[in-house]
>>> print(open('structure_1.txt').read())   # compact mmCIF, C-alpha atoms
# COMPACT_ATOMS: atom_id res chain seq x y z
CA MET A 19 -35.24 -28.64 5.15
CA GLU A 20 -32.35 -26.44 6.37
CA THR A 21 -31.27 -26.82 9.99
CA ASP A 22 -28.86 -24.07 10.94
CA PHE A 23 -27.86 -25.06 14.43
CA ASN A 24 -26.70 -28.54 15.31
CA PRO A 25 -25.16 -28.76 18.79
CA THR A 26 -24.77 -32.56 18.54
CA ARG A 27 -22.33 -32.31 15.66
CA SER A 28 -18.91 -33.74 16.48
CA LYS A 29 -16.46 -31.24 17.85
CA LYS A 30 -13.64 -32.96 16.01
CA THR A 31 -12.20 -30.58 13.41
CA SER A 32 -11.34 -32.21 10.10
CA THR A 33 -9.19 -30.94 7.25
CA ILE A 34 -12.35 -30.16 5.30
CA ASP A 35 -13.64 -28.02 8.16
CA ILE A 36 -10.36 -26.08 8.26
CA ILE A 37 -10.45 -25.46 4.49
CA LEU A 38 -14.11 -24.50 4.74
CA GLY A 39 -13.36 -22.12 7.61
CA ILE A 40 -10.55 -20.44 5.67
CA SER A 41 -12.81 -20.15 2.62
CA ARG A 42 -15.61 -18.60 4.66
CA LEU A 43 -13.25 -16.11 6.29
CA PHE A 44 -11.66 -15.11 2.98
CA VAL A 45 -14.86 -14.87 0.93
CA GLY A 46 -16.94 -13.29 3.69
CA SER A 47 -14.35 -10.64 4.48
CA LEU A 48 -13.76 -9.83 0.81
CA PHE A 49 -17.47 -9.54 0.05
CA ILE A 50 -18.00 -7.22 3.02
CA PHE A 51 -14.99 -5.11 2.03
CA SER A 52 -15.97 -4.96 -1.65
CA GLY A 53 -19.59 -4.18 -0.82
CA PHE A 54 -18.68 -1.48 1.69
CA ILE A 55 -16.18 0.22 -0.65
CA LYS A 56 -18.83 0.44 -3.36
CA ALA A 57 -21.60 1.35 -0.90
CA ASN A 58 -19.38 4.23 0.22
CA ASP A 59 -20.03 5.73 -3.23
CA PRO A 60 -23.12 4.12 -4.81
CA THR A 61 -23.54 6.99 -7.25
CA GLY A 62 -20.05 6.32 -8.64
CA PHE A 63 -20.76 2.60 -8.86
CA GLY A 64 -24.01 3.50 -10.59
CA TYR A 65 -22.02 5.39 -13.24
CA LYS A 66 -19.98 2.23 -13.78
CA LEU A 67 -23.16 0.18 -14.13
CA GLU A 68 -24.33 2.59 -16.81
CA GLU A 69 -21.27 1.63 -18.86
CA TYR A 70 -22.35 -2.01 -18.69
CA PHE A 71 -25.95 -1.06 -19.50
CA GLN A 72 -24.70 0.63 -22.65
CA VAL A 73 -22.69 -2.44 -23.68
CA PHE A 74 -25.69 -4.75 -23.27
CA HIS A 75 -28.22 -2.22 -24.65
CA LEU A 76 -30.00 -1.77 -21.33
CA ASN A 77 -29.93 2.02 -21.31
CA PHE A 78 -33.48 2.16 -19.98
CA LEU A 79 -31.96 1.19 -16.60
CA ASN A 80 -29.74 4.30 -16.42
CA ASP A 81 -32.25 6.29 -14.37
CA TYR A 82 -32.23 3.53 -11.75
CA SER A 83 -28.47 2.87 -11.75
CA ALA A 84 -27.81 4.34 -8.29
CA TRP A 85 -30.58 2.28 -6.65
CA ILE A 86 -29.44 -0.87 -8.46
CA ALA A 87 -25.94 -0.10 -7.17
CA ILE A 88 -27.25 0.27 -3.62
CA PHE A 89 -28.99 -3.11 -3.88
CA ILE A 90 -25.91 -4.89 -5.27
CA CYS A 91 -23.62 -3.39 -2.61
CA GLY A 92 -26.04 -4.22 0.18
CA PHE A 93 -26.49 -7.76 -1.13
CA GLU A 94 -22.71 -8.27 -1.19
CA ILE A 95 -22.32 -7.04 2.39
CA LEU A 96 -25.24 -9.16 3.54
CA LEU A 97 -23.92 -12.35 1.91
CA GLY A 98 -20.47 -11.78 3.41
CA ALA A 99 -21.82 -11.06 6.89
CA PHE A 100 -24.24 -14.01 6.89
CA LEU A 101 -21.47 -16.30 5.65
CA LEU A 102 -19.22 -15.33 8.56
CA LEU A 103 -22.12 -15.65 11.01
CA GLY A 104 -23.18 -18.96 9.54
CA PHE A 105 -26.74 -17.79 8.97
CA ALA A 106 -29.03 -19.13 6.18
CA ARG A 107 -26.26 -21.33 4.83
CA GLN A 108 -28.23 -22.76 1.88
CA LYS A 109 -29.46 -19.39 0.61
CA VAL A 110 -26.06 -17.76 1.17
CA ALA A 111 -24.19 -20.54 -0.66
CA TRP A 112 -26.52 -20.31 -3.65
CA GLY A 113 -26.39 -16.52 -3.62
CA LEU A 114 -22.59 -16.49 -3.58
CA LEU A 115 -22.35 -19.04 -6.39
CA LEU A 116 -24.82 -17.28 -8.69
CA LEU A 117 -23.30 -13.88 -7.99
CA ILE A 118 -19.72 -14.96 -8.65
CA ILE A 119 -20.70 -16.75 -11.87
CA PHE A 120 -22.38 -13.55 -13.04
CA PHE A 121 -19.42 -11.36 -12.04
CA THR A 122 -16.92 -13.76 -13.66
CA PHE A 123 -18.83 -13.65 -16.94
CA LEU A 124 -19.05 -9.86 -16.76
CA THR A 125 -15.36 -9.30 -16.07
CA PHE A 126 -14.31 -11.80 -18.75
CA TYR A 127 -16.59 -10.15 -21.28
CA SER A 128 -15.20 -6.72 -20.36
CA ALA A 129 -11.60 -7.90 -20.60
CA PHE A 130 -11.91 -9.99 -23.76
CA PHE A 131 -13.92 -7.48 -25.76
CA GLU A 132 -12.32 -4.42 -24.11
CA VAL A 133 -15.68 -2.73 -23.57
CA VAL A 134 -15.25 -1.44 -19.99
CA THR A 135 -11.79 -0.34 -18.87
CA SER A 136 -12.38 -0.76 -15.12
CA CYS A 137 -14.90 -3.06 -13.47
CA GLY A 138 -15.46 -0.91 -10.37
CA CYS A 139 -15.17 -3.98 -8.12
CA PHE A 140 -13.59 -1.90 -5.37
CA GLY A 141 -14.87 1.49 -6.50
CA ASP A 142 -12.33 4.28 -6.93
CA ALA A 143 -10.37 3.10 -3.89
CA ILE A 144 -8.63 0.21 -5.69
CA PRO A 145 -8.91 0.49 -9.48
CA LEU A 146 -8.56 -2.88 -11.22
CA THR A 147 -8.21 -3.65 -14.91
CA PRO A 148 -10.77 -6.08 -16.38
CA TRP A 149 -8.19 -8.89 -16.54
CA GLN A 150 -7.18 -8.30 -12.92
CA SER A 151 -10.86 -8.39 -11.97
CA PHE A 152 -11.38 -11.60 -13.91
CA GLY A 153 -8.41 -13.21 -12.15
CA LYS A 154 -9.81 -12.11 -8.79
CA ASP A 155 -13.19 -13.63 -9.64
CA ILE A 156 -11.63 -16.95 -10.70
CA ILE A 157 -9.90 -17.20 -7.30
CA LEU A 158 -13.13 -16.30 -5.53
CA LEU A 159 -15.02 -18.88 -7.59
CA ALA A 160 -12.68 -21.61 -6.34
CA PHE A 161 -13.26 -20.67 -2.71
CA ILE A 162 -17.02 -20.28 -3.21
CA LEU A 163 -17.23 -23.75 -4.79
CA ILE A 164 -15.73 -25.15 -1.59
CA ILE A 165 -18.35 -23.29 0.44
CA PHE A 166 -21.12 -24.47 -1.86
CA ILE A 167 -20.08 -28.14 -1.83
CA TYR A 168 -19.68 -28.28 1.95
CA ARG A 169 -22.44 -25.82 2.87
CA ASP A 170 -24.17 -28.43 5.06
CA ARG A 171 -21.18 -28.37 7.40
CA ILE A 172 -21.64 -24.66 8.20
CA THR A 173 -23.08 -23.97 11.65
CA PRO A 174 -24.20 -20.57 12.94
CA ILE A 175 -22.28 -18.94 15.76
CA ILE A 176 -25.62 -18.13 17.44
CA PRO A 177 -28.43 -20.70 17.93
CA ASN A 178 -31.96 -20.11 16.67
CA GLY A 179 -33.88 -17.66 18.82
CA GLY A 180 -34.59 -14.02 19.44
CA LEU A 181 -30.95 -12.92 19.44
CA LYS A 182 -30.32 -14.51 16.06
CA LYS A 183 -33.37 -12.80 14.57
CA PHE A 184 -32.31 -9.46 16.01
CA ILE A 185 -28.76 -9.75 14.63
CA SER A 186 -30.11 -10.86 11.25
CA ALA A 187 -32.47 -7.88 11.05
CA LEU A 188 -29.74 -5.47 12.17
CA THR A 189 -27.34 -6.87 9.57
CA ILE A 190 -29.90 -6.45 6.80
CA ILE A 191 -30.62 -2.84 7.83
CA LEU A 192 -26.93 -1.93 8.02
CA SER A 193 -26.07 -3.69 4.74
CA PHE A 194 -28.54 -1.67 2.70
CA GLY A 195 -28.59 1.40 4.94
CA ILE A 196 -24.94 2.28 4.27
CA GLY A 197 -25.52 2.80 0.55
CA ILE A 198 -28.74 4.73 1.10
CA TYR A 199 -27.01 7.05 3.60
CA THR A 200 -24.00 7.82 1.38
CA PHE A 201 -26.26 8.29 -1.64
CA MET A 202 -28.10 11.02 0.24
CA PHE A 203 -25.26 12.57 2.26
CA LEU A 204 -22.07 11.96 0.20
CA PRO A 205 -19.39 9.24 0.73
CA PHE A 206 -17.79 8.65 4.13
CA ILE A 207 -14.39 8.59 2.41
CA ASP A 208 -13.76 10.57 -0.78
CA PHE A 209 -11.32 8.75 -3.08
CA LEU A 210 -11.74 11.20 -5.95
CA PRO A 211 -9.34 14.05 -6.84
CA TYR A 212 -11.94 16.66 -5.89
CA LYS A 213 -11.93 15.79 -2.21
CA GLU A 214 -11.78 18.38 0.54
CA GLY A 215 -8.33 19.90 1.04
CA ASN A 216 -7.10 19.22 -2.51
CA ASN A 217 -5.56 21.99 -4.58
CA ILE A 218 -7.28 21.68 -7.97
CA PRO A 219 -4.80 23.71 -10.12
CA GLN A 220 -1.90 21.60 -8.82
CA LEU A 221 -3.72 18.38 -9.72
CA MET A 222 -4.21 19.52 -13.31
CA VAL A 223 -0.52 19.72 -14.25
CA LEU A 224 2.44 17.36 -14.43
CA PRO A 225 4.57 17.80 -11.28
CA GLU A 226 8.18 18.79 -11.68
CA GLY A 227 10.41 15.73 -12.09
CA GLU A 228 7.61 13.45 -13.26
CA GLU A 229 7.33 12.05 -16.79
CA SER A 230 4.19 11.58 -18.82
CA ASP A 231 3.33 8.45 -20.80
CA VAL A 232 5.82 7.50 -23.53
CA TYR A 233 4.35 6.26 -26.81
CA GLU A 234 5.88 4.65 -29.85
CA TYR A 235 4.36 5.61 -33.20
CA ILE A 236 4.11 3.14 -36.06
CA TYR A 237 4.14 4.42 -39.64
CA THR A 238 3.12 2.54 -42.77
CA ILE A 239 5.41 3.60 -45.58
CA LYS A 240 5.37 2.71 -49.28
CA ASN A 241 8.22 2.67 -51.79
CA LYS A 242 7.31 4.75 -54.86
CA THR A 243 9.61 2.74 -57.09
CA ASN A 244 8.75 -0.92 -56.43
CA GLY A 245 5.46 -0.55 -54.48
CA GLU A 246 6.84 -2.25 -51.35
CA SER A 247 5.00 -1.42 -48.11
CA LYS A 248 6.28 -1.88 -44.58
CA LYS A 249 5.74 -0.66 -41.04
CA VAL A 250 8.42 1.26 -39.16
CA THR A 251 8.60 2.94 -35.79
CA ASP A 252 8.98 6.70 -35.47
CA LYS A 253 12.57 6.10 -34.33
CA GLU A 254 13.34 4.03 -37.43
CA TYR A 255 11.63 6.58 -39.67
CA MET A 256 13.65 9.47 -38.25
CA ASP A 257 16.85 7.43 -38.52
CA GLY A 258 17.32 8.32 -42.20
CA ILE A 259 14.20 6.97 -43.91
CA TRP A 260 12.51 10.39 -43.89
CA GLU A 261 15.36 11.71 -46.05
CA ASP A 262 14.76 9.10 -48.78
CA ASP A 263 12.33 10.52 -51.35
CA ASN A 264 11.46 6.98 -52.53
CA TRP A 265 9.42 6.37 -49.37
CA GLU A 266 6.11 8.03 -48.52
CA ILE A 267 3.83 7.69 -45.51
CA GLN A 268 0.49 5.95 -46.04
CA GLY A 269 -2.43 7.02 -43.86
CA GLU A 270 -2.24 8.03 -40.20
CA PRO A 271 0.30 6.49 -37.78
CA SER A 272 -0.82 4.19 -34.96
CA SER A 273 0.53 4.46 -31.43
CA ARG A 274 1.58 2.02 -28.72
CA LEU A 275 2.24 2.76 -25.06
CA ILE A 276 5.76 1.64 -24.19
CA LYS A 277 6.19 3.28 -20.79
CA LYS A 278 3.50 4.28 -18.33
CA GLY A 279 4.19 7.69 -16.82
CA TYR A 280 2.65 9.84 -14.10
CA GLU A 281 -1.11 10.02 -14.34
CA ILE A 282 -2.42 13.56 -13.86
CA PRO A 283 -5.33 13.30 -11.37
CA ILE A 284 -7.44 15.93 -13.15
CA PRO A 285 -6.63 15.87 -16.87
CA ASP A 286 -10.02 16.76 -18.31
CA LEU A 287 -11.46 19.82 -16.53
CA LEU A 288 -12.37 22.55 -18.98
CA ILE A 289 -14.86 25.21 -17.92
CA SER A 290 -16.32 27.54 -20.53
CA ASP A 291 -18.88 30.31 -20.65
CA ALA A 292 -21.91 30.48 -22.95
CA GLU A 293 -19.73 31.85 -25.78
CA GLY A 294 -17.27 28.98 -25.48
CA ASN A 295 -14.46 30.97 -23.83
CA ASP A 296 -12.17 29.02 -21.51
CA VAL A 297 -12.64 30.35 -17.97
CA THR A 298 -11.18 27.35 -16.09
CA GLN A 299 -8.35 29.16 -14.35
CA GLU A 300 -10.55 32.14 -13.55
CA ILE A 301 -12.97 29.89 -11.68
CA ILE A 302 -10.59 27.51 -9.91
CA THR A 303 -7.97 30.07 -8.81
CA ASN A 304 -10.40 32.64 -7.40
CA PRO A 305 -8.74 34.09 -4.24
CA TYR A 306 -12.13 34.72 -2.61
CA TYR A 307 -14.66 32.22 -1.37
CA ASN A 308 -16.32 30.67 -4.39
CA PHE A 309 -19.44 28.53 -4.13
CA VAL A 310 -19.39 26.07 -7.02
CA VAL A 311 -22.82 24.51 -7.40
CA VAL A 312 -22.64 21.42 -9.61
CA SER A 313 -25.68 20.13 -11.47
CA THR A 314 -24.32 17.73 -14.05
CA TYR A 315 -27.69 17.25 -15.69
CA ALA A 316 -29.84 20.26 -14.87
CA ASP A 317 -32.60 18.87 -17.07
CA LYS A 318 -32.94 15.88 -14.72
CA LEU A 319 -33.65 17.87 -11.57
CA ASN A 320 -36.84 16.65 -9.93
CA THR A 321 -39.13 18.65 -7.66
CA ALA A 322 -37.09 17.87 -4.54
CA ASP A 323 -33.89 18.86 -6.36
CA ILE A 324 -35.43 22.15 -7.47
CA ILE A 325 -36.50 22.91 -3.89
CA ALA A 326 -32.96 22.14 -2.67
CA LEU A 327 -31.41 24.32 -5.38
CA ASP A 328 -33.75 27.18 -4.48
CA ARG A 329 -32.68 26.93 -0.83
CA ILE A 330 -29.01 26.89 -1.85
CA ASN A 331 -29.51 29.87 -4.15
CA THR A 332 -31.34 31.87 -1.47
CA THR A 333 -28.68 31.16 1.15
CA ILE A 334 -25.86 32.22 -1.15
CA ARG A 335 -27.76 35.36 -2.18
CA ASP A 336 -28.17 36.33 1.48
CA LEU A 337 -24.47 35.77 2.11
CA ALA A 338 -23.46 37.79 -0.94
CA THR A 339 -25.08 40.90 0.53
CA ASP A 340 -22.60 40.88 3.42
CA TYR A 341 -19.46 39.19 2.06
CA ASN A 342 -17.18 39.31 -0.97
CA LEU A 343 -17.77 35.98 -2.64
CA ARG A 344 -18.49 34.42 -6.00
CA ALA A 345 -21.10 31.83 -6.86
CA THR A 346 -21.13 29.70 -10.00
CA LEU A 347 -23.24 26.93 -11.45
CA LEU A 348 -21.44 24.23 -13.44
CA THR A 349 -23.49 22.00 -15.71
CA ALA A 350 -23.14 19.69 -18.68
CA SER A 351 -26.65 20.53 -19.86
CA SER A 352 -27.37 22.80 -22.79
CA SER A 353 -27.34 26.58 -22.53
CA GLN A 354 -31.09 26.56 -23.26
CA THR A 355 -31.72 24.37 -20.21
CA ALA A 356 -29.47 26.52 -18.03
CA SER A 357 -31.14 29.74 -19.23
CA ARG A 358 -34.60 28.36 -18.54
CA LEU A 359 -33.52 27.33 -15.05
CA ASP A 360 -32.03 30.77 -14.45
CA ASP A 361 -35.22 32.51 -15.56
CA GLU A 362 -37.49 30.28 -13.46
CA MET A 363 -35.42 30.50 -10.27
CA ASP A 364 -33.77 33.94 -10.55
CA LEU A 365 -30.37 32.37 -9.88
CA VAL A 366 -27.64 34.42 -8.25
CA LEU A 367 -25.25 31.83 -9.68
CA GLU A 368 -23.19 32.55 -12.80
CA THR A 369 -23.67 29.67 -15.21
CA PHE A 370 -20.70 27.92 -16.83
CA TYR A 371 -20.33 24.67 -18.72
CA ALA A 372 -18.12 21.61 -18.45
CA ASP A 373 -18.09 18.00 -19.59
CA ALA A 374 -20.15 15.54 -17.55
CA ILE A 375 -17.19 13.30 -16.65
CA PRO A 376 -15.29 15.76 -14.39
CA LEU A 377 -18.56 17.14 -13.01
CA LYS A 378 -19.64 13.66 -11.90
CA SER A 379 -16.34 13.36 -10.02
CA MET A 380 -16.64 16.72 -8.27
CA VAL A 381 -19.54 15.90 -5.98
CA ARG A 382 -21.88 12.89 -5.90
CA SER A 383 -25.05 14.92 -5.68
CA ASN A 384 -27.28 16.69 -8.20
CA PRO A 385 -27.10 19.46 -7.20
CA GLY A 386 -24.00 19.40 -5.02
CA ILE A 387 -21.88 22.24 -3.65
CA LEU A 388 -18.15 22.88 -3.34
CA LEU A 389 -16.72 25.81 -1.42
CA MET A 390 -13.38 26.82 -2.94
CA ARG A 391 -10.75 29.47 -2.21
CA ASN A 392 -7.36 29.94 -3.88
CA GLY A 393 -7.86 26.70 -5.80
CA VAL A 394 -8.42 24.61 -2.66
CA ILE A 395 -11.67 22.78 -1.94
CA GLU A 396 -12.58 23.92 1.57
CA LYS A 397 -15.82 21.96 1.94
CA LYS A 398 -18.35 19.83 0.04
CA TRP A 399 -22.06 19.34 0.65
CA SER A 400 -24.87 17.35 -0.86
CA LYS A 401 -28.17 19.02 -1.68
CA LEU A 402 -29.50 17.80 1.68
CA THR A 403 -26.60 18.93 3.87
CA PHE A 404 -25.94 22.47 2.65
CA PRO A 405 -25.94 24.60 5.83
CA SER A 406 -27.75 27.79 6.69
CA LYS A 407 -26.32 31.29 6.33
CA GLU A 408 -25.65 31.45 10.07
CA GLU A 409 -23.73 28.18 10.04
CA LEU A 410 -21.66 29.25 7.04
CA GLU A 411 -20.84 32.57 8.68
CA LYS A 412 -19.73 30.80 11.83
CA ASP A 413 -17.62 28.14 10.11
CA PHE A 414 -16.04 30.20 7.31
CA PHE A 415 -16.84 33.87 6.91
CA SER A 416 -16.32 35.03 10.49
CA LYS A 417 -12.77 33.71 10.62
>>> encode(input="structure_1.txt", output="structure tokens")
Amino acid sequence: METDFNPTRSKKTSTIDIILGISRLFVGSLFIFSGFIKANDPTGFGYKLEEYFQVFHLNFLNDYSAWIAIFICGFEILLGAFLLLGFARQKVAWGLLLLIIFFTFLTFYSAFFEVVTSCGCFGDAIPLTPWQSFGKDIILLAFILIIFIYRDRITPIIPNGGLKKFISALTIILSFGIGIYTFMFLPFIDFLPYKEGNNIPQLMVLPEGEESDVYEYIYTIKNKTNGESKKVTDKEYMDGIWEDDNWEIQGEPSSRLIKKGYEIPIPDLLISDAEGNDVTQEIITNPYYNFVVVSTYADKLNTADIIALDRINTTIRDLATDYNLRATLLTASSSQTASRLDDEMDLVLETFYADAIPLKSMVRSNPGILLMRNGVIEKKWSKLTFPSKEELEKDFFSK
């Protein structure tokens, strides 16, 4: 039977207690930080989970990915907080051990088989490669093993009683409440390129003075005379070989990154109309206020989403009667789905199409709203926080 508080324990601090204390501080703080960073954007972490679901053929979980993400983030925060507080030491030690074994397997599998390029351990705030994530988990495993072995030496900072129960309940509520709040009302901190204040056209091009990635191309060439085959780099090929008629290229060349260059924050945004015409610059450089309503998957809108979209559409229609503005709907759904939605709701929004990947990064809500002008994102709202006409007039259009 677990006894959390033992006031008769010797006050003498041993080397083991010091190592255990350091381990608790390191693991607890890291779990809280990792959990909070992901809970700041559970929808984004949910997208990462969907990549793992695809690898392990668990696609039926995709519709629940955000809620699974919220649970994982909350569980991480809770384990870290309880570890620092010294609460439920047996359960916490087992939870940490099982969780880190699972994460270590997952990151190793991702790295070794190159199935997921980024683990999402710290969300979009601190991108890690799978091998970096695996190394991090190995270090954590070592510290957690210390905690697990010496878990009986952990004592709570608060004795059993009403205060301990209150703090435990509050910690549980906060741990899971953070993810639920940001899922409904957008992240506290936006680490994505489409955050408020960013100039989208500028983030789509290579800045002056910066270099892009440098690749080396490998050709397989064959000698027509003796049948010899060999591989040469593009530099070697251009250094005279291309002039020799005895050699011919076999198949397509392969490439290898030899120098990492500047990474364009928004490399993949392409907006098109129903006929397939590129209207990207027309939309993102509009000099007037432009409401960009994003519904990545319009076919997945539930009843509550439809009600929210109707309220958004009505508010924008009312504004458009008094102000010069534009309103667009961006979706990755088919034109048939968009047309049906337009017919059913009498949308004032012009419908355009884009790939799901950039749309998911624009706003973590379906639907979500961006207010843009001259290429700059002035404001973002979730479907639940979009303001009234009067509030929009006061904050933007009356200035």
>>> residues_around(input="structure_1.txt", residues="Leu389 (chain A)", least_positions_apart="5", cutoff="6 Å", atoms="all atoms listed in the file", output="CSV table (one decimal) with C-alpha atoms, keeping the file's coordinate frame")
chain,number,residue,atom,x,y,z
A,308,ASN,CA,-16.3,30.7,-4.4
A,309,PHE,CA,-19.4,28.5,-4.1
A,395,ILE,CA,-11.7,22.8,-1.9
A,396,GLU,CA,-12.6,23.9,1.6
A,397,LYS,CA,-15.8,22.0,1.9
>>> closest_residue(input="structure_1.txt", among="A:Lys213, A:Lys253, A:Arg329, A:Lys242", to="Leu388 (chain A)", atoms="all atoms listed in the file")
A:Lys213
>>> closest_residue(input="structure_1.txt", among="A:Asn342, A:Thr200, A:Thr349, A:Ser128", to="Thr314 (chain A)", atoms="all atoms listed in the file")
A:Thr349
>>> residues_around(input="structure_1.txt", residues="Thr355 (chain A)", least_positions_apart="5", cutoff="9 Å", atoms="only C-alpha atoms", output="PDB file with C-alpha atoms, in the frame of the given file")
ATOM      1  CA  ALA A 316     -29.840  20.260 -14.870  1.00  0.00           C
ATOM      2  CA  ASP A 317     -32.600  18.870 -17.070  1.00  0.00           C
ATOM      3  CA  ASP A 360     -32.030  30.770 -14.450  1.00  0.00           C
TER       4      ASP A 360
END
>>> closest_residue(input="structure_1.txt", among="A:Asp336, A:Ser230, A:Ser273, A:Ser400", to="Asp323 (chain A)", atoms="only C-alpha atoms")
A:Ser400
>>> residues_around(input="structure_1.txt", residues="Leu287 (chain A)", least_positions_apart="5", cutoff="9 Å", atoms="all atoms listed in the file", output="ChimeraX atom specification")
/A:222,298,372-373,375-377
>>> closest_residue(input="structure_1.txt", among="A:Glu293, A:Glu69, A:Glu409, A:Glu254", to="Thr369 (chain A)", atoms="only C-alpha atoms")
A:Glu293
>>> residues_around(input="structure_1.txt", residues="Glu270 (chain A)", least_positions_apart="2", cutoff="12 Å", atoms="all atoms listed in the file", output="mmCIF file with C-alpha atoms, keeping the file's coordinate frame")
data_model
loop_
_atom_site.group_PDB
_atom_site.id
_atom_site.type_symbol
_atom_site.label_atom_id
_atom_site.label_comp_id
_atom_site.auth_asym_id
_atom_site.auth_seq_id
_atom_site.Cartn_x
_atom_site.Cartn_y
_atom_site.Cartn_z
ATOM 1 C CA TYR A 235 4.360 5.610 -33.200
ATOM 2 C CA ILE A 236 4.110 3.140 -36.060
ATOM 3 C CA TYR A 237 4.140 4.420 -39.640
ATOM 4 C CA THR A 238 3.120 2.540 -42.770
ATOM 5 C CA ILE A 239 5.410 3.600 -45.580
ATOM 6 C CA LYS A 249 5.740 -0.660 -41.040
ATOM 7 C CA GLU A 266 6.110 8.030 -48.520
ATOM 8 C CA ILE A 267 3.830 7.690 -45.510
ATOM 9 C CA GLN A 268 0.490 5.950 -46.040
ATOM 10 C CA SER A 272 -0.820 4.190 -34.960
ATOM 11 C CA SER A 273 0.530 4.460 -31.430
#
>>> atom_distance(input="structure_1.txt", atom1="CA of Leu158 (chain A)", atom2="CA of Leu48 (chain A)")
9.1 Å
>>> decode(input="structure_1.txt", residues="region 135-157 of chain A", atoms="C-alpha atoms", output="PDB file, in the first residue's frame")
ATOM      1  CA  THR A 135       9.939  13.468 -40.587  1.00  0.00           C
ATOM      2  CA  SER A 136       9.198  15.289 -37.317  1.00  0.00           C
ATOM      3  CA  CYS A 137       7.881  13.741 -34.111  1.00  0.00           C
ATOM      4  CA  GLY A 138       6.038  16.836 -32.883  1.00  0.00           C
ATOM      5  CA  CYS A 139       7.473  16.378 -29.374  1.00  0.00           C
ATOM      6  CA  PHE A 140       7.572  20.134 -28.842  1.00  0.00           C
ATOM      7  CA  GLY A 141       4.988  21.074 -31.454  1.00  0.00           C
ATOM      8  CA  ASP A 142       5.944  23.711 -34.013  1.00  0.00           C
ATOM      9  CA  ALA A 143       7.879  25.688 -31.394  1.00  0.00           C
ATOM     10  CA  ILE A 144      10.962  23.440 -31.445  1.00  0.00           C
ATOM     11  CA  PRO A 145      11.010  21.121 -34.474  1.00  0.00           C
ATOM     12  CA  LEU A 146      13.099  17.994 -33.888  1.00  0.00           C
ATOM     13  CA  THR A 147      14.180  15.333 -36.356  1.00  0.00           C
ATOM     14  CA  PRO A 148      13.252  11.730 -35.476  1.00  0.00           C
ATOM     15  CA  TRP A 149      16.847  10.913 -34.484  1.00  0.00           C
ATOM     16  CA  GLN A 150      17.041  14.000 -32.267  1.00  0.00           C
ATOM     17  CA  SER A 151      13.759  12.949 -30.672  1.00  0.00           C
ATOM     18  CA  PHE A 152      15.032   9.422 -30.144  1.00  0.00           C
ATOM     19  CA  GLY A 153      18.186  10.748 -28.476  1.00  0.00           C
ATOM     20  CA  LYS A 154      16.069  12.965 -26.230  1.00  0.00           C
ATOM     21  CA  ASP A 155      13.916   9.995 -25.239  1.00  0.00           C
ATOM     22  CA  ILE A 156      16.963   7.846 -24.414  1.00  0.00           C
ATOM     23  CA  ILE A 157      18.210  10.549 -22.026  1.00  0.00           C
TER      24      ILE A 157
END
